[in-house]
Amino acid sequence: MKILIIDDSLITRDFIKKELSSIEGVEFIEATSGREGIDKTIKFLPDVVTMDVNMPDINGIDAASQIRSNENTSNIPIIFITGLRAEEVKKQAFEAGAVEFFVKPFPKGALKNYIEKLDKVDELLEGMNILSVDDSKITRDLITRILNSKGAKTLSAADGIEALEVMKNNPIDVIILDIVMPNMNGMDLCRHIRKDLNNQEIPIIVLASLNEQAVEIEAIEAGVDDFLAKPFSREELIARIKNYSRVVSLNKKLRIETEKRKKDEVELEQFRSNLQKLVEEKTSELFEAHERLKVLDKIKSDFLKRIFFELQNPLNDFCFIADMLIGENVNKKQHGEHIGIYEKSKKNLLNIIDSALVLTGIEANPDTFILEGNNLEGSLHGTIDEMQGFIKEKKIKIDLDDNCNYTVLGETILLHKVLKSILQIAITFSDKEKTLKISCGKTFKKAFIKIDTIGGTLSNEALNSFFDFSKNNITNKIIEDIGIAPLLIKSIMQLFKGNVTVENRQNTGVTFTLQFQQSKES
């Protein structure tokens, strides 16, 4: 650390060197007059300058002002050490840019301790955004030097109007302002912040000279939180700011939460808008299909009724959850269950609509689907690989028979849909941690897949109506999980000239059987 001692007294210079000699890595530079001190400050750029007031050539007050006015030296801390006790001299020193004013004699170690603390970051001030509003550049620079050295970020404005512009583009934690300023004074700025901007949270500290303290009542009424008398010391300024560190911390948390809530509300509104658009698009497709289905028989009419019934519950879930999340503060941990309901309902809605469109195509234009030979083993492996995420989620093991190398009659995309749908249903009926056994075989001109589950069984009534939507008696909970998949499976298997059945397995689960026509290629 380089310390420049500017004093015309050899005794004082030696005293200061002795006082500071124990500072690690200290290097002293000496000057005996104000002019020499200015020149050496510019030449050596010391870390700290100590300055006497009364010196030949140029006094300490003028020398400090010239050092502050030089761009290269304006941020160097200047400490006055003098035997003068007059308050007017102290005021002049701070106005000239001093960071501290020591009156001789002072306690041993006081100067050393002060200098060692100059550049230490204060954890209570670190990261704090402070706005200094004063028409005096010297005062603004002094405040900036002091607070920035403690880890704060200080922004400056020369009057109230400039301050408002700064506040538009920067989050401010504390405001330090002068009373008397051009354009908009401190009182008007404070009233504008409290009333027009409706900001009651930012702490406002007013710098007041001794002859201005009579306006304290008016300032308090305008919304001022605290006062700091000019001239002020470095410690006084830091202490006042630190008094509001807890308030600043709470305000920051509130600001972050508010910004997050606004962002979440925007995302949720967009979420809801996209969902509504998706529902409208898919609903429009369904109504177009409905117009074509008018020419079909009662089965088609009953089918559409079931579709709209299946759509009703997911849509109600979407509206309820979206309205609730938008109307309240969003917390993912707190609303995780609701978000999960939304994701599940969205998935069910898309699956139902997709299945409905497939069913509509089968019912209205079955001749458009070209049936050809498909390898059953390859189709099974491909479907199971695609469903690995769902299988792991449900904690089910798959035991696939090696004897499935049959060529069956079907349309490739629909074969994939029917295999995926029957596996989803089987997994839904299986208990967790159990094994789903898939076996294959053949009879005369037919090949079949059997899927054995380990879990609950079905009543006779449910068994007889499982793949018949007009008589379906499966429990509501299971319906939520499988939707119209049974109807989709039955329709596709009928198109393939095959069949699908379900039966109980001696109180240990159920067996689903898909029976296909074998292709002539077999």
# chains A, B, ... in the order shown; residues from 1 in each chain; ligands from 1
call {"tool": "residues_around", "arguments": {"residues": "stretch 253-258 of chain A", "least_positions_apart": "2", "cutoff": "12 Å", "atoms": "only C-alpha atoms", "output": "list in words"}}
result
Pro171, Ile172, Asp173, Asn199, Glu201, Ile202, Arg246, Val247, Val248, Ser249, Leu250, Asn251, Lys260, Arg261, Lys262, Lys263, Asp264, Glu265, Glu328, Asn329, Val330 and Asn331 of chain A
call {"tool": "residues_around", "arguments": {"residues": "stretch 99-104 of chain A", "least_positions_apart": "4", "cutoff": "6 Å", "atoms": "only C-alpha atoms", "output": "ChimeraX atom specification"}}
result
/A:78-83,233-234
call {"tool": "select_by_dssp", "arguments": {"residues": "stretch 22-185 of chain A", "states": "strand (DSSP E or B)", "output": "count of residues only"}}
result
33
call {"tool": "residues_around", "arguments": {"residues": "A:Asp141", "least_positions_apart": "2", "cutoff": "12 Å", "atoms": "only C-alpha atoms", "output": "PyMOL selection string"}}
result
chain A and resi 65+68-69+71+73-77+94-99+131-139+143-148+154-158
call {"tool": "select_by_dssp", "arguments": {"residues": "stretch 18-105 of chain A", "states": "helix (DSSP H, G or I)", "output": "VMD selection string"}}
result
chain A and resid 18 to 20 34 to 44 60 to 69 87 to 96
call {"tool": "residues_around", "arguments": {"residues": "A:Ile61", "least_positions_apart": "5", "cutoff": "7 Å", "atoms": "only C-alpha atoms", "output": "list in words"}}
result
Val53, Gln92, Ala93 and Ala96 of chain A
call {"tool": "write_last_selection", "arguments": {"atoms": "N, CA and C atoms", "output": "short mmCIF file (atom, residue, chain, number, x, y, z; two decimals), in the first residue's frame"}}
result
data_model
loop_
_atom_site.label_atom_id
_atom_site.label_comp_id
_atom_site.auth_asym_id
_atom_site.auth_seq_id
_atom_site.Cartn_x
_atom_site.Cartn_y
_atom_site.Cartn_z
N VAL A 53 -4.03 20.91 6.91
CA VAL A 53 -4.83 22.03 6.39
C VAL A 53 -3.93 23.22 6.07
N GLN A 92 -15.41 22.44 5.34
CA GLN A 92 -14.68 22.75 4.10
C GLN A 92 -13.89 21.53 3.62
N ALA A 93 -13.31 20.79 4.56
CA ALA A 93 -12.52 19.61 4.19
C ALA A 93 -13.40 18.56 3.51
N ALA A 96 -14.40 19.57 0.13
CA ALA A 96 -13.29 19.46 -0.81
C ALA A 96 -13.04 18.02 -1.24
#
call {"tool": "atom_distance", "arguments": {"atom1": "atom CA of A:Asn243", "atom2": "atom CA of A:Glu221"}}
result
20.8 Å
call {"tool": "residues_around", "arguments": {"residues": "A:Asn170", "least_positions_apart": "4", "cutoff": "9 Å", "atoms": "only C-alpha atoms", "output": "count of residues only"}}
result
3
call {"tool": "atom_distance", "arguments": {"atom1": "atom CA of A:Leu177", "atom2": "atom CA of A:Phe227"}}
result
9.7 Å
call {"tool": "atom_distance", "arguments": {"atom1": "atom CA of A:Gly389", "atom2": "atom CA of A:Thr435"}}
result
15.9 Å
call {"tool": "decode", "arguments": {"residues": "stretch 151-195 of chain A", "atoms": "N, CA and C atoms", "output": "PDB file, in the first residue's frame"}}
result
ATOM      1  N   GLY A 151     -18.409  -2.248  -1.219  1.00  0.00           N
ATOM      2  CA  GLY A 151     -19.095  -3.283  -1.989  1.00  0.00           C
ATOM      3  C   GLY A 151     -20.430  -2.882  -2.557  1.00  0.00           C
ATOM      4  N   ALA A 152     -20.867  -1.650  -2.272  1.00  0.00           N
ATOM      5  CA  ALA A 152     -22.149  -1.192  -2.814  1.00  0.00           C
ATOM      6  C   ALA A 152     -21.964  -0.711  -4.254  1.00  0.00           C
ATOM      7  N   LYS A 153     -23.088  -0.574  -4.969  1.00  0.00           N
ATOM      8  CA  LYS A 153     -23.079   0.022  -6.304  1.00  0.00           C
ATOM      9  C   LYS A 153     -23.832   1.350  -6.200  1.00  0.00           C
ATOM     10  N   THR A 154     -23.111   2.447  -6.454  1.00  0.00           N
ATOM     11  CA  THR A 154     -23.696   3.772  -6.273  1.00  0.00           C
ATOM     12  C   THR A 154     -23.967   4.434  -7.613  1.00  0.00           C
ATOM     13  N   LEU A 155     -25.202   4.874  -7.808  1.00  0.00           N
ATOM     14  CA  LEU A 155     -25.600   5.639  -8.987  1.00  0.00           C
ATOM     15  C   LEU A 155     -25.827   7.081  -8.573  1.00  0.00           C
ATOM     16  N   SER A 156     -25.623   8.025  -9.496  1.00  0.00           N
ATOM     17  CA  SER A 156     -25.693   9.443  -9.139  1.00  0.00           C
ATOM     18  C   SER A 156     -26.659  10.204 -10.029  1.00  0.00           C
ATOM     19  N   ALA A 157     -27.202  11.280  -9.460  1.00  0.00           N
ATOM     20  CA  ALA A 157     -28.063  12.207 -10.207  1.00  0.00           C
ATOM     21  C   ALA A 157     -27.880  13.599  -9.619  1.00  0.00           C
ATOM     22  N   ALA A 158     -27.913  14.625 -10.504  1.00  0.00           N
ATOM     23  CA  ALA A 158     -27.659  15.998 -10.059  1.00  0.00           C
ATOM     24  C   ALA A 158     -28.917  16.698  -9.572  1.00  0.00           C
ATOM     25  N   ASP A 159     -30.096  16.152  -9.850  1.00  0.00           N
ATOM     26  CA  ASP A 159     -31.343  16.752  -9.375  1.00  0.00           C
ATOM     27  C   ASP A 159     -32.436  15.688  -9.388  1.00  0.00           C
ATOM     28  N   GLY A 160     -33.646  16.078  -8.970  1.00  0.00           N
ATOM     29  CA  GLY A 160     -34.754  15.132  -8.869  1.00  0.00           C
ATOM     30  C   GLY A 160     -35.169  14.526 -10.189  1.00  0.00           C
ATOM     31  N   ILE A 161     -35.138  15.316 -11.255  1.00  0.00           N
ATOM     32  CA  ILE A 161     -35.564  14.813 -12.571  1.00  0.00           C
ATOM     33  C   ILE A 161     -34.605  13.733 -13.056  1.00  0.00           C
ATOM     34  N   GLU A 162     -33.294  13.987 -12.913  1.00  0.00           N
ATOM     35  CA  GLU A 162     -32.309  12.961 -13.290  1.00  0.00           C
ATOM     36  C   GLU A 162     -32.494  11.709 -12.445  1.00  0.00           C
ATOM     37  N   ALA A 163     -32.803  11.900 -11.169  1.00  0.00           N
ATOM     38  CA  ALA A 163     -32.984  10.754 -10.269  1.00  0.00           C
ATOM     39  C   ALA A 163     -34.127   9.860 -10.740  1.00  0.00           C
ATOM     40  N   LEU A 164     -35.223  10.463 -11.170  1.00  0.00           N
ATOM     41  CA  LEU A 164     -36.366   9.677 -11.647  1.00  0.00           C
ATOM     42  C   LEU A 164     -36.011   8.879 -12.892  1.00  0.00           C
ATOM     43  N   GLU A 165     -35.193   9.466 -13.768  1.00  0.00           N
ATOM     44  CA  GLU A 165     -34.756   8.736 -14.961  1.00  0.00           C
ATOM     45  C   GLU A 165     -33.897   7.537 -14.580  1.00  0.00           C
ATOM     46  N   VAL A 166     -33.010   7.731 -13.583  1.00  0.00           N
ATOM     47  CA  VAL A 166     -32.172   6.626 -13.118  1.00  0.00           C
ATOM     48  C   VAL A 166     -33.034   5.506 -12.543  1.00  0.00           C
ATOM     49  N   MET A 167     -34.066   5.893 -11.802  1.00  0.00           N
ATOM     50  CA  MET A 167     -34.928   4.905 -11.154  1.00  0.00           C
ATOM     51  C   MET A 167     -35.755   4.111 -12.163  1.00  0.00           C
ATOM     52  N   LYS A 168     -35.989   4.684 -13.335  1.00  0.00           N
ATOM     53  CA  LYS A 168     -36.764   3.956 -14.352  1.00  0.00           C
ATOM     54  C   LYS A 168     -36.024   2.729 -14.847  1.00  0.00           C
ATOM     55  N   ASN A 169     -34.703   2.811 -14.877  1.00  0.00           N
ATOM     56  CA  ASN A 169     -33.904   1.762 -15.503  1.00  0.00           C
ATOM     57  C   ASN A 169     -33.072   0.937 -14.535  1.00  0.00           C
ATOM     58  N   ASN A 170     -33.145   1.250 -13.229  1.00  0.00           N
ATOM     59  CA  ASN A 170     -32.313   0.543 -12.262  1.00  0.00           C
ATOM     60  C   ASN A 170     -33.099   0.269 -10.975  1.00  0.00           C
ATOM     61  N   PRO A 171     -32.958  -0.927 -10.408  1.00  0.00           N
ATOM     62  CA  PRO A 171     -33.552  -1.185  -9.092  1.00  0.00           C
ATOM     63  C   PRO A 171     -32.744  -0.461  -8.014  1.00  0.00           C
ATOM     64  N   ILE A 172     -33.398   0.331  -7.203  1.00  0.00           N
ATOM     65  CA  ILE A 172     -32.717   1.131  -6.176  1.00  0.00           C
ATOM     66  C   ILE A 172     -33.110   0.620  -4.796  1.00  0.00           C
ATOM     67  N   ASP A 173     -32.100   0.451  -3.908  1.00  0.00           N
ATOM     68  CA  ASP A 173     -32.351  -0.043  -2.556  1.00  0.00           C
ATOM     69  C   ASP A 173     -32.440   1.081  -1.529  1.00  0.00           C
ATOM     70  N   VAL A 174     -31.594   2.116  -1.677  1.00  0.00           N
ATOM     71  CA  VAL A 174     -31.576   3.257  -0.746  1.00  0.00           C
ATOM     72  C   VAL A 174     -31.321   4.528  -1.546  1.00  0.00           C
ATOM     73  N   ILE A 175     -31.975   5.630  -1.133  1.00  0.00           N
ATOM     74  CA  ILE A 175     -31.755   6.937  -1.782  1.00  0.00           C
ATOM     75  C   ILE A 175     -31.179   7.909  -0.756  1.00  0.00           C
ATOM     76  N   ILE A 176     -30.073   8.576  -1.144  1.00  0.00           N
ATOM     77  CA  ILE A 176     -29.489   9.652  -0.322  1.00  0.00           C
ATOM     78  C   ILE A 176     -29.639  10.929  -1.134  1.00  0.00           C
ATOM     79  N   LEU A 177     -30.349  11.935  -0.594  1.00  0.00           N
ATOM     80  CA  LEU A 177     -30.591  13.125  -1.411  1.00  0.00           C
ATOM     81  C   LEU A 177     -30.408  14.417  -0.629  1.00  0.00           C
ATOM     82  N   ASP A 178     -30.028  15.436  -1.369  1.00  0.00           N
ATOM     83  CA  ASP A 178     -29.904  16.785  -0.816  1.00  0.00           C
ATOM     84  C   ASP A 178     -31.277  17.454  -0.878  1.00  0.00           C
ATOM     85  N   ILE A 179     -31.481  18.509  -0.095  1.00  0.00           N
ATOM     86  CA  ILE A 179     -32.768  19.214  -0.111  1.00  0.00           C
ATOM     87  C   ILE A 179     -32.799  20.262  -1.208  1.00  0.00           C
ATOM     88  N   VAL A 180     -31.767  21.106  -1.237  1.00  0.00           N
ATOM     89  CA  VAL A 180     -31.758  22.222  -2.183  1.00  0.00           C
ATOM     90  C   VAL A 180     -31.069  21.796  -3.466  1.00  0.00           C
ATOM     91  N   MET A 181     -31.866  21.694  -4.563  1.00  0.00           N
ATOM     92  CA  MET A 181     -31.337  21.309  -5.873  1.00  0.00           C
ATOM     93  C   MET A 181     -32.144  22.022  -6.950  1.00  0.00           C
ATOM     94  N   PRO A 182     -31.560  22.241  -8.127  1.00  0.00           N
ATOM     95  CA  PRO A 182     -32.310  22.864  -9.221  1.00  0.00           C
ATOM     96  C   PRO A 182     -33.321  21.883  -9.830  1.00  0.00           C
ATOM     97  N   ASN A 183     -34.221  22.404 -10.666  1.00  0.00           N
ATOM     98  CA  ASN A 183     -35.208  21.615 -11.428  1.00  0.00           C
ATOM     99  C   ASN A 183     -36.237  20.928 -10.529  1.00  0.00           C
ATOM    100  N   MET A 184     -35.817  19.970  -9.729  1.00  0.00           N
ATOM    101  CA  MET A 184     -36.711  19.339  -8.758  1.00  0.00           C
ATOM    102  C   MET A 184     -35.926  19.122  -7.475  1.00  0.00           C
ATOM    103  N   ASN A 185     -36.335  19.768  -6.377  1.00  0.00           N
ATOM    104  CA  ASN A 185     -35.577  19.666  -5.133  1.00  0.00           C
ATOM    105  C   ASN A 185     -35.877  18.356  -4.406  1.00  0.00           C
ATOM    106  N   GLY A 186     -35.181  18.160  -3.291  1.00  0.00           N
ATOM    107  CA  GLY A 186     -35.301  16.907  -2.564  1.00  0.00           C
ATOM    108  C   GLY A 186     -36.689  16.636  -2.028  1.00  0.00           C
ATOM    109  N   MET A 187     -37.371  17.676  -1.523  1.00  0.00           N
ATOM    110  CA  MET A 187     -38.726  17.509  -0.985  1.00  0.00           C
ATOM    111  C   MET A 187     -39.690  17.036  -2.073  1.00  0.00           C
ATOM    112  N   ASP A 188     -39.634  17.689  -3.227  1.00  0.00           N
ATOM    113  CA  ASP A 188     -40.544  17.328  -4.328  1.00  0.00           C
ATOM    114  C   ASP A 188     -40.254  15.921  -4.838  1.00  0.00           C
ATOM    115  N   LEU A 189     -38.960  15.572  -4.903  1.00  0.00           N
ATOM    116  CA  LEU A 189     -38.600  14.230  -5.344  1.00  0.00           C
ATOM    117  C   LEU A 189     -39.161  13.181  -4.376  1.00  0.00           C
ATOM    118  N   CYS A 190     -39.022  13.449  -3.090  1.00  0.00           N
ATOM    119  CA  CYS A 190     -39.511  12.503  -2.090  1.00  0.00           C
ATOM    120  C   CYS A 190     -41.035  12.342  -2.188  1.00  0.00           C
ATOM    121  N   ARG A 191     -41.750  13.473  -2.336  1.00  0.00           N
ATOM    122  CA  ARG A 191     -43.218  13.390  -2.471  1.00  0.00           C
ATOM    123  C   ARG A 191     -43.605  12.603  -3.716  1.00  0.00           C
ATOM    124  N   HIS A 192     -42.868  12.826  -4.805  1.00  0.00           N
ATOM    125  CA  HIS A 192     -43.182  12.142  -6.065  1.00  0.00           C
ATOM    126  C   HIS A 192     -42.987  10.621  -5.905  1.00  0.00           C
ATOM    127  N   ILE A 193     -41.907  10.231  -5.231  1.00  0.00           N
ATOM    128  CA  ILE A 193     -41.637   8.804  -5.031  1.00  0.00           C
ATOM    129  C   ILE A 193     -42.721   8.167  -4.173  1.00  0.00           C
ATOM    130  N   ARG A 194     -43.095   8.855  -3.083  1.00  0.00           N
ATOM    131  CA  ARG A 194     -44.057   8.273  -2.141  1.00  0.00           C
ATOM    132  C   ARG A 194     -45.491   8.292  -2.679  1.00  0.00           C
ATOM    133  N   LYS A 195     -45.880   9.367  -3.348  1.00  0.00           N
ATOM    134  CA  LYS A 195     -47.277   9.508  -3.765  1.00  0.00           C
ATOM    135  C   LYS A 195     -47.495   9.097  -5.220  1.00  0.00           C
TER     136      LYS A 195
END
